[in-house]
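S.K.: Contents are CSV, C-alpha atoms and all ligand atoms; file name entry_21.csv:
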chain,number,residue,atom,x,y,z
A,1,MET,CA,119.4,98.7,33.3
A,2,ARG,CA,120.4,98.5,37.0
A,3,LYS,CA,120.0,95.1,38.6
A,4,PRO,CA,118.2,95.6,41.9
A,5,LEU,CA,120.2,94.7,45.0
A,6,VAL,CA,118.9,94.0,48.5
A,7,VAL,CA,121.5,93.9,51.3
A,8,GLY,CA,120.8,92.8,54.9
A,9,ASN,CA,122.7,94.5,57.8
A,10,TRP,CA,122.6,92.3,60.8
A,11,LYS,CA,124.5,94.9,62.9
A,12,MET,CA,125.8,93.5,66.2
A,13,ASN,CA,123.3,90.7,66.4
A,14,GLY,CA,123.5,86.9,66.1
A,15,SER,CA,125.5,84.0,67.3
A,16,LEU,CA,127.3,81.1,65.5
A,17,LYS,CA,124.1,79.1,65.5
A,18,LEU,CA,121.9,81.9,64.3
A,19,THR,CA,124.4,82.8,61.5
A,20,GLY,CA,124.2,79.2,60.1
A,21,ASP,CA,120.4,78.8,60.6
A,22,LEU,CA,119.4,82.2,59.4
A,23,LEU,CA,121.6,82.2,56.3
A,24,ARG,CA,120.4,78.7,55.3
A,25,ALA,CA,116.8,79.9,55.7
A,26,ILE,CA,117.4,83.0,53.6
A,27,GLU,CA,119.3,81.0,51.0
A,28,ASP,CA,116.4,78.5,50.8
A,29,GLY,CA,114.0,81.4,50.2
A,30,ILE,CA,115.9,82.7,47.2
A,31,ASN,CA,114.1,81.3,44.2
A,32,ASP,CA,113.1,82.2,40.7
A,33,LYS,CA,110.7,84.9,41.9
A,34,ILE,CA,113.7,86.9,43.1
A,35,SER,CA,115.4,88.9,40.4
A,36,SER,CA,117.5,91.0,42.7
A,37,GLU,CA,121.0,90.3,43.8
A,38,VAL,CA,121.0,89.6,47.5
A,39,GLY,CA,123.7,90.1,50.2
A,40,ILE,CA,124.0,89.9,53.9
A,41,CYS,CA,126.5,91.9,56.0
A,42,VAL,CA,127.3,89.9,59.2
A,43,PRO,CA,129.6,90.7,62.1
A,44,PHE,CA,133.3,90.2,61.3
A,45,VAL,CA,133.6,87.1,63.4
A,46,TYR,CA,130.9,85.3,61.4
A,47,ILE,CA,132.2,86.1,58.0
A,48,ALA,CA,134.2,82.9,57.4
A,49,LEU,CA,131.3,80.7,58.6
A,50,ALA,CA,128.8,82.8,56.5
A,51,VAL,CA,130.9,82.4,53.4
A,52,ASP,CA,131.1,78.6,53.9
A,53,THR,CA,127.4,78.3,54.6
A,54,VAL,CA,126.0,79.9,51.5
A,55,ASP,CA,126.5,79.5,47.7
A,56,ALA,CA,128.0,82.8,46.6
A,57,THR,CA,126.2,82.5,43.2
A,58,ARG,CA,122.9,83.0,45.2
A,59,LEU,CA,123.8,85.0,48.3
A,60,THR,CA,126.9,87.1,48.9
A,61,ILE,CA,128.4,88.0,52.2
A,62,GLY,CA,129.6,91.4,53.4
A,63,ALA,CA,131.2,93.2,56.4
A,64,GLN,CA,129.8,96.2,58.2
A,65,THR,CA,132.9,98.3,58.3
A,66,VAL,CA,136.6,98.1,57.4
A,67,SER,CA,139.8,99.7,58.4
A,68,GLU,CA,141.1,102.5,56.2
A,69,PHE,CA,144.7,101.2,56.9
A,70,GLU,CA,146.4,98.4,55.0
A,71,SER,CA,148.1,96.7,57.9
A,72,GLY,CA,150.2,97.5,61.0
A,73,ALA,CA,149.8,98.7,64.6
A,74,TYR,CA,146.0,99.4,64.6
A,75,THR,CA,144.8,97.2,67.4
A,76,GLY,CA,141.4,95.8,66.9
A,77,GLU,CA,141.1,96.8,63.3
A,78,ILE,CA,140.3,94.5,60.3
A,79,SER,CA,141.8,95.3,56.9
A,80,ALA,CA,140.2,95.1,53.5
A,81,SER,CA,142.6,92.4,52.4
A,82,MET,CA,141.7,90.3,55.4
A,83,LEU,CA,138.1,90.5,54.3
A,84,ALA,CA,138.9,89.8,50.7
A,85,GLU,CA,140.9,86.7,51.7
A,86,LEU,CA,137.7,85.4,53.3
A,87,ALA,CA,135.8,85.9,50.0
A,88,CYS,CA,133.8,88.7,51.6
A,89,HIS,CA,132.0,90.6,48.7
A,90,TRP,CA,130.5,93.8,50.2
A,91,VAL,CA,131.4,96.2,52.9
A,92,LEU,CA,129.3,98.9,54.4
A,93,VAL,CA,131.1,102.2,54.7
A,94,GLY,CA,129.7,105.2,56.6
A,95,HIS,CA,126.6,103.6,58.1
A,96,SER,CA,125.1,106.3,60.3
A,97,GLU,CA,125.8,104.3,63.4
A,98,ARG,CA,129.5,104.4,62.5
A,99,ARG,CA,129.4,108.0,61.7
A,100,MET,CA,127.6,109.0,64.9
A,101,LEU,CA,128.7,106.4,67.5
A,102,PHE,CA,132.3,106.0,66.3
A,103,ASN,CA,132.8,109.5,65.0
A,104,GLU,CA,133.8,108.4,61.5
A,105,SER,CA,134.5,111.4,59.4
A,106,ASN,CA,133.9,111.8,55.7
A,107,GLN,CA,137.6,111.9,55.2
A,108,ALA,CA,138.2,108.6,57.0
A,109,LEU,CA,135.2,107.0,55.2
A,110,VAL,CA,136.5,107.9,51.7
A,111,ALA,CA,139.8,106.3,52.8
A,112,LYS,CA,137.8,103.2,53.7
A,113,VAL,CA,136.1,103.1,50.3
A,114,LEU,CA,139.5,103.3,48.7
A,115,ALA,CA,140.9,100.6,50.9
A,116,ALA,CA,137.9,98.3,50.2
A,117,GLN,CA,138.1,98.9,46.4
A,118,GLY,CA,141.9,98.3,46.5
A,119,ALA,CA,141.3,94.8,47.9
A,120,GLY,CA,138.5,94.0,45.4
A,121,LEU,CA,135.6,94.5,47.7
A,122,ILE,CA,132.5,96.5,46.8
A,123,PRO,CA,131.9,99.3,49.3
A,124,ILE,CA,128.3,100.3,50.0
A,125,TYR,CA,128.7,104.0,51.0
A,126,CYS,CA,125.9,105.2,53.2
A,127,VAL,CA,124.6,108.7,53.5
A,128,GLY,CA,121.7,110.4,55.2
A,129,GLU,CA,120.5,113.3,57.3
A,130,SER,CA,119.7,113.3,61.0
A,131,GLU,CA,116.3,114.1,62.3
A,132,SER,CA,117.2,117.7,63.2
A,133,ASP,CA,118.7,118.2,59.7
A,134,TYR,CA,115.5,116.8,58.2
A,135,GLN,CA,113.3,119.0,60.4
A,136,SER,CA,115.2,122.1,59.4
A,137,GLY,CA,115.1,121.3,55.7
A,138,LYS,CA,118.8,120.5,55.4
A,139,THR,CA,118.5,117.0,53.9
A,140,LEU,CA,120.1,117.9,50.5
A,141,ASN,CA,122.9,119.9,52.1
A,142,VAL,CA,123.9,116.9,54.2
A,143,ILE,CA,123.8,114.5,51.3
A,144,ASN,CA,125.7,117.0,49.2
A,145,GLU,CA,128.5,117.1,51.8
A,146,GLN,CA,128.6,113.3,52.4
A,147,VAL,CA,128.4,112.3,48.7
A,148,GLY,CA,130.6,115.3,47.7
A,149,ALA,CA,133.4,114.1,49.9
A,150,LEU,CA,133.4,110.8,48.1
A,151,LEU,CA,133.1,112.2,44.5
A,152,SER,CA,135.8,114.8,45.0
A,153,ASN,CA,138.3,112.0,45.4
A,154,LYS,CA,139.4,111.0,41.8
A,155,ALA,CA,140.7,107.7,42.9
A,156,VAL,CA,137.2,106.4,43.8
A,157,ASN,CA,136.0,103.9,41.2
A,158,LEU,CA,132.3,104.4,40.6
A,159,ASN,CA,132.1,101.2,38.7
A,160,GLN,CA,132.9,99.3,41.9
A,161,LEU,CA,130.6,101.1,44.4
A,162,VAL,CA,127.0,101.1,45.7
A,163,LEU,CA,125.5,104.1,47.4
A,164,ALA,CA,122.8,103.9,50.1
A,165,TYR,CA,120.5,106.7,51.2
A,166,GLU,CA,119.4,106.1,54.8
A,167,PRO,CA,117.7,109.0,56.6
A,168,VAL,CA,119.0,108.6,60.2
A,169,TRP,CA,115.5,109.3,61.6
A,170,ALA,CA,114.1,106.3,59.7
A,171,ILE,CA,116.7,103.7,60.9
A,172,GLY,CA,115.2,101.3,63.4
A,173,THR,CA,112.4,103.7,64.2
A,174,GLY,CA,109.5,102.3,62.1
A,175,LEU,CA,109.4,105.6,60.3
A,176,THR,CA,110.3,105.7,56.6
A,177,ALA,CA,110.7,108.5,54.1
A,178,SER,CA,107.7,108.6,51.8
A,179,PRO,CA,108.4,107.0,48.5
A,180,ASP,CA,108.3,110.4,46.9
A,181,GLU,CA,110.8,112.0,49.5
A,182,ALA,CA,113.1,109.0,49.1
A,183,GLN,CA,112.9,109.2,45.3
A,184,GLN,CA,113.8,112.9,45.4
A,185,ALA,CA,116.9,112.2,47.5
A,186,HIS,CA,117.9,109.5,45.2
A,187,VAL,CA,117.5,111.8,42.1
A,188,PHE,CA,119.6,114.4,43.9
A,189,ILE,CA,122.4,111.8,44.6
A,190,ARG,CA,122.3,110.5,41.1
A,191,GLY,CA,122.6,114.1,39.9
A,192,LEU,CA,125.7,114.6,42.0
A,193,VAL,CA,127.2,111.5,40.4
A,194,ARG,CA,126.2,112.7,36.9
A,195,GLU,CA,128.0,116.1,37.5
A,196,LYS,CA,131.2,114.2,38.1
A,197,ALA,CA,130.9,111.1,36.0
A,198,GLY,CA,128.3,111.7,33.3
A,199,ASP,CA,126.4,108.7,32.1
A,200,LEU,CA,128.1,106.4,34.6
A,201,ALA,CA,125.5,107.9,37.0
A,202,ASP,CA,122.9,105.7,35.3
A,203,LYS,CA,124.8,102.5,36.2
A,204,VAL,CA,125.4,103.3,39.9
A,205,ARG,CA,123.0,101.6,42.2
A,206,ILE,CA,121.5,103.6,45.0
A,207,LEU,CA,119.8,101.7,47.8
A,208,TYR,CA,117.2,103.0,50.2
A,209,GLY,CA,117.4,102.1,53.9
A,210,GLY,CA,115.5,102.9,57.0
A,211,SER,CA,112.7,100.7,58.4
A,212,VAL,CA,112.1,98.9,55.1
A,213,ASN,CA,109.6,96.0,55.7
A,214,PRO,CA,107.5,93.7,53.6
A,215,SER,CA,104.6,96.2,53.6
A,216,ASN,CA,106.4,99.3,52.5
A,217,ALA,CA,109.1,97.7,50.3
A,218,SER,CA,107.1,97.7,47.0
A,219,SER,CA,106.1,101.4,47.1
A,220,LEU,CA,109.8,102.4,47.7
A,221,PHE,CA,111.3,100.0,45.2
A,222,GLU,CA,108.8,101.1,42.5
A,223,GLN,CA,110.5,104.5,42.4
A,224,GLU,CA,112.7,104.9,39.4
A,225,ASP,CA,115.9,105.8,41.2
A,226,ILE,CA,115.6,103.4,44.1
A,227,ASP,CA,117.6,100.3,43.1
A,228,GLY,CA,116.9,98.2,46.1
A,229,GLY,CA,117.3,98.3,49.9
A,230,LEU,CA,119.6,98.2,52.8
A,231,ILE,CA,117.7,96.3,55.4
A,232,GLY,CA,118.4,96.2,59.1
A,233,GLY,CA,115.8,94.8,61.5
A,234,ALA,CA,113.9,92.9,58.9
A,235,SER,CA,117.0,91.0,57.7
A,236,LEU,CA,117.0,89.1,61.0
A,237,ASP,CA,113.7,87.4,60.0
A,238,ALA,CA,114.1,85.1,57.0
A,239,ASP,CA,110.5,85.4,55.8
A,240,ALA,CA,110.4,89.1,56.1
A,241,PHE,CA,113.7,89.5,54.3
A,242,ILE,CA,112.8,87.2,51.5
A,243,SER,CA,109.5,89.0,51.1
A,244,ILE,CA,111.4,92.3,50.7
A,245,CYS,CA,113.7,90.7,48.2
A,246,GLN,CA,110.8,89.5,46.1
A,247,LYS,CA,109.6,93.1,45.8
A,248,ALA,CA,112.9,94.5,44.5
B,301,LIG,P1,116.4,99.3,59.8
B,301,LIG,O1,118.0,99.5,59.6
B,301,LIG,O2,116.0,98.6,58.5
B,301,LIG,O3,116.3,98.4,61.0
B,301,LIG,O4,115.8,100.6,59.9
B,301,LIG,C1,118.5,99.9,58.4
B,301,LIG,C2,120.0,100.1,58.5
B,301,LIG,O5,120.5,100.4,59.6
B,301,LIG,O6,120.7,99.9,57.5
Mind turning this structure into structure tokens?
Ligand code: PGA
M.R.:
Amino acid sequence: MRKPLVVGNWKMNGSLKLTGDLLRAIEDGINDKISSEVGICVPFVYIALAVDTVDATRLTIGAQTVSEFESGAYTGEISASMLAELACHWVLVGHSERRMLFNESNQALVAKVLAAQGAGLIPIYCVGESESDYQSGKTLNVINEQVGALLSNKAVNLNQLVLAYEPVWAIGTGLTASPDEAQQAHVFIRGLVREKAGDLADKVRILYGGSVNPSNASSLFEQEDIDGGLIGGASLDADAFISICQKA
């Protein structure tokens, strides 16, 4: 019912050369064995090149954040309409690195989701608990707050949104939530969506992220409510990324 989706997040890595080479290698690897939709979120400055390099019917390009503002005196910011003009498809919103390193609040993130949707982009809204919240058993409280902020805004269009659960302690650490733990978090998130939007909850894709690699991808993606992955480190290696896509 939900088409699986695998999205790579290159973070602040790459170069002009690597963008072309790696995207071509990934696109070449997308064959009949891959039934999931595939996207890659590249640094802003490589978006135009990335879009030119790939065939959007096979591989779509995204950004890693976006301004909550439409235009104006916001030095250094990039608006959703600028991204849409470049034929960018996805945009990550609320990745834990943005939340933690750049102090992005739930309120600002919901504004970014609305800005992205207003320009026709599909936001991938990321949530997840820190290690200390995990250790103290607060995972569901944190998710409730982060997802709740989004769902309490009636202007958010759930038909044009992807959610991603990424436990912060699993990002770039080699640690992953067990498939069962991840499934429970996804069921909880889908339940929150169901409370607000009824059966639409069955259509919203919820990705898992945090040290997904070719060895652990199958056991995660087999879970009923895990609809694909948000892949950091492994998306910088074409073979590893393709192997993950094959498992979704
Ligand atoms: P990772 O990153 O796969 O390197 O853990 C995931 C992410 O940050 O989205």
S.K.: So what do you get for CA of Gly232 (chain A) versus CA of Gly39 (chain A), distance-wise?
M.R.: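 Computing the Euclidean distance for CA of Gly232 (chain A) and CA of Gly39 (chain A) yields 12.0 Å.
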S.K.: Residues up to 6 Å from ligand LIG 301 (chain B), counting all atoms listed in the file: could you list those as an MDAnalysis selection string?
M.R.: chainID A and resid 9 170:172 209:212 230:233
S.K.: CA of Arg205 (chain A) and CA of Val7 (chain A), how far apart in Å?
M.R.: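 Interatomic distance, CA of Val7 (chain A) to CA of Arg205 (chain A): 12.0 Å.
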S.K.: A:Ile61, A:Val51, A:Leu114, A:Val127: which is nearest Ala80 (chain A), counting only C-alpha atoms?
M.R.: A:Leu114
S.K.: Write out as a PyMOL selection string which residues come within 10 Å of Leu16 (chain A) when counting only C-alpha atoms, dropping same-chain ones fewer than 3 positions away.
M.R.: chain A and resi 19-21+45-46+49-50
S.K.: Hey, can you check how far CA of Met12 (chain A) sits from CA of Gln64 (chain A)?
M.R.: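 Going from CA of Met12 (chain A) over to CA of Gln64 (chain A) covers 9.3 Å.
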S.K.: Counting all atoms listed in the file, which residues sit no farther than 6 Å from the position (125.2, 91.3, 56.0) in the file's frame? I'd like them as a list in words.
M.R.: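 Residues lying no farther than 6 Å from the given point: Gly8, Asn9, Trp10, Ile40, Cys41, Val42, Ile61 and Gly62 of chain A.
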S.K.: Quick one: region 127-138 of chain A with N, CA, C and O atoms, as a PDB file, keeping the file's coordinate frame?
M.R.:
ATOM      1  N   VAL A 127     124.807 107.313  53.202  1.00  0.00           N
ATOM      2  CA  VAL A 127     124.600 108.700  53.500  1.00  0.00           C
ATOM      3  C   VAL A 127     123.217 108.947  54.051  1.00  0.00           C
ATOM      4  O   VAL A 127     122.343 108.108  53.837  1.00  0.00           O
ATOM      5  N   GLY A 128     123.007 110.075  54.719  1.00  0.00           N
ATOM      6  CA  GLY A 128     121.700 110.400  55.200  1.00  0.00           C
ATOM      7  C   GLY A 128     121.668 111.426  56.268  1.00  0.00           C
ATOM      8  O   GLY A 128     122.656 111.550  57.005  1.00  0.00           O
ATOM      9  N   GLU A 129     120.570 112.143  56.354  1.00  0.00           N
ATOM     10  CA  GLU A 129     120.500 113.300  57.300  1.00  0.00           C
ATOM     11  C   GLU A 129     119.901 112.836  58.628  1.00  0.00           C
ATOM     12  O   GLU A 129     119.113 111.910  58.696  1.00  0.00           O
ATOM     13  N   SER A 130     120.282 113.573  59.683  1.00  0.00           N
ATOM     14  CA  SER A 130     119.700 113.300  61.000  1.00  0.00           C
ATOM     15  C   SER A 130     118.313 113.894  61.083  1.00  0.00           C
ATOM     16  O   SER A 130     117.881 114.641  60.193  1.00  0.00           O
ATOM     17  N   GLU A 131     117.636 113.583  62.180  1.00  0.00           N
ATOM     18  CA  GLU A 131     116.300 114.100  62.300  1.00  0.00           C
ATOM     19  C   GLU A 131     116.260 115.623  62.353  1.00  0.00           C
ATOM     20  O   GLU A 131     115.414 116.257  61.710  1.00  0.00           O
ATOM     21  N   SER A 132     117.226 116.225  63.087  1.00  0.00           N
ATOM     22  CA  SER A 132     117.200 117.700  63.200  1.00  0.00           C
ATOM     23  C   SER A 132     117.499 118.328  61.821  1.00  0.00           C
ATOM     24  O   SER A 132     116.913 119.344  61.448  1.00  0.00           O
ATOM     25  N   ASP A 133     118.409 117.707  61.051  1.00  0.00           N
ATOM     26  CA  ASP A 133     118.700 118.200  59.700  1.00  0.00           C
ATOM     27  C   ASP A 133     117.423 118.101  58.827  1.00  0.00           C
ATOM     28  O   ASP A 133     117.112 118.990  58.028  1.00  0.00           O
ATOM     29  N   TYR A 134     116.728 116.992  58.998  1.00  0.00           N
ATOM     30  CA  TYR A 134     115.500 116.800  58.200  1.00  0.00           C
ATOM     31  C   TYR A 134     114.465 117.842  58.565  1.00  0.00           C
ATOM     32  O   TYR A 134     113.886 118.479  57.683  1.00  0.00           O
ATOM     33  N   GLN A 135     114.293 118.049  59.901  1.00  0.00           N
ATOM     34  CA  GLN A 135     113.300 119.000  60.400  1.00  0.00           C
ATOM     35  C   GLN A 135     113.613 120.429  59.880  1.00  0.00           C
ATOM     36  O   GLN A 135     112.716 121.201  59.583  1.00  0.00           O
ATOM     37  N   SER A 136     114.912 120.717  59.807  1.00  0.00           N
ATOM     38  CA  SER A 136     115.200 122.100  59.400  1.00  0.00           C
ATOM     39  C   SER A 136     115.513 122.192  57.893  1.00  0.00           C
ATOM     40  O   SER A 136     116.102 123.174  57.432  1.00  0.00           O
ATOM     41  N   GLY A 137     115.087 121.172  57.158  1.00  0.00           N
ATOM     42  CA  GLY A 137     115.100 121.300  55.700  1.00  0.00           C
ATOM     43  C   GLY A 137     116.539 121.177  55.107  1.00  0.00           C
ATOM     44  O   GLY A 137     116.800 121.667  54.014  1.00  0.00           O
ATOM     45  N   LYS A 138     117.455 120.521  55.861  1.00  0.00           N
ATOM     46  CA  LYS A 138     118.800 120.500  55.400  1.00  0.00           C
ATOM     47  C   LYS A 138     119.234 119.151  54.722  1.00  0.00           C
ATOM     48  O   LYS A 138     120.418 118.852  54.527  1.00  0.00           O
TER      49      LYS A 138
END
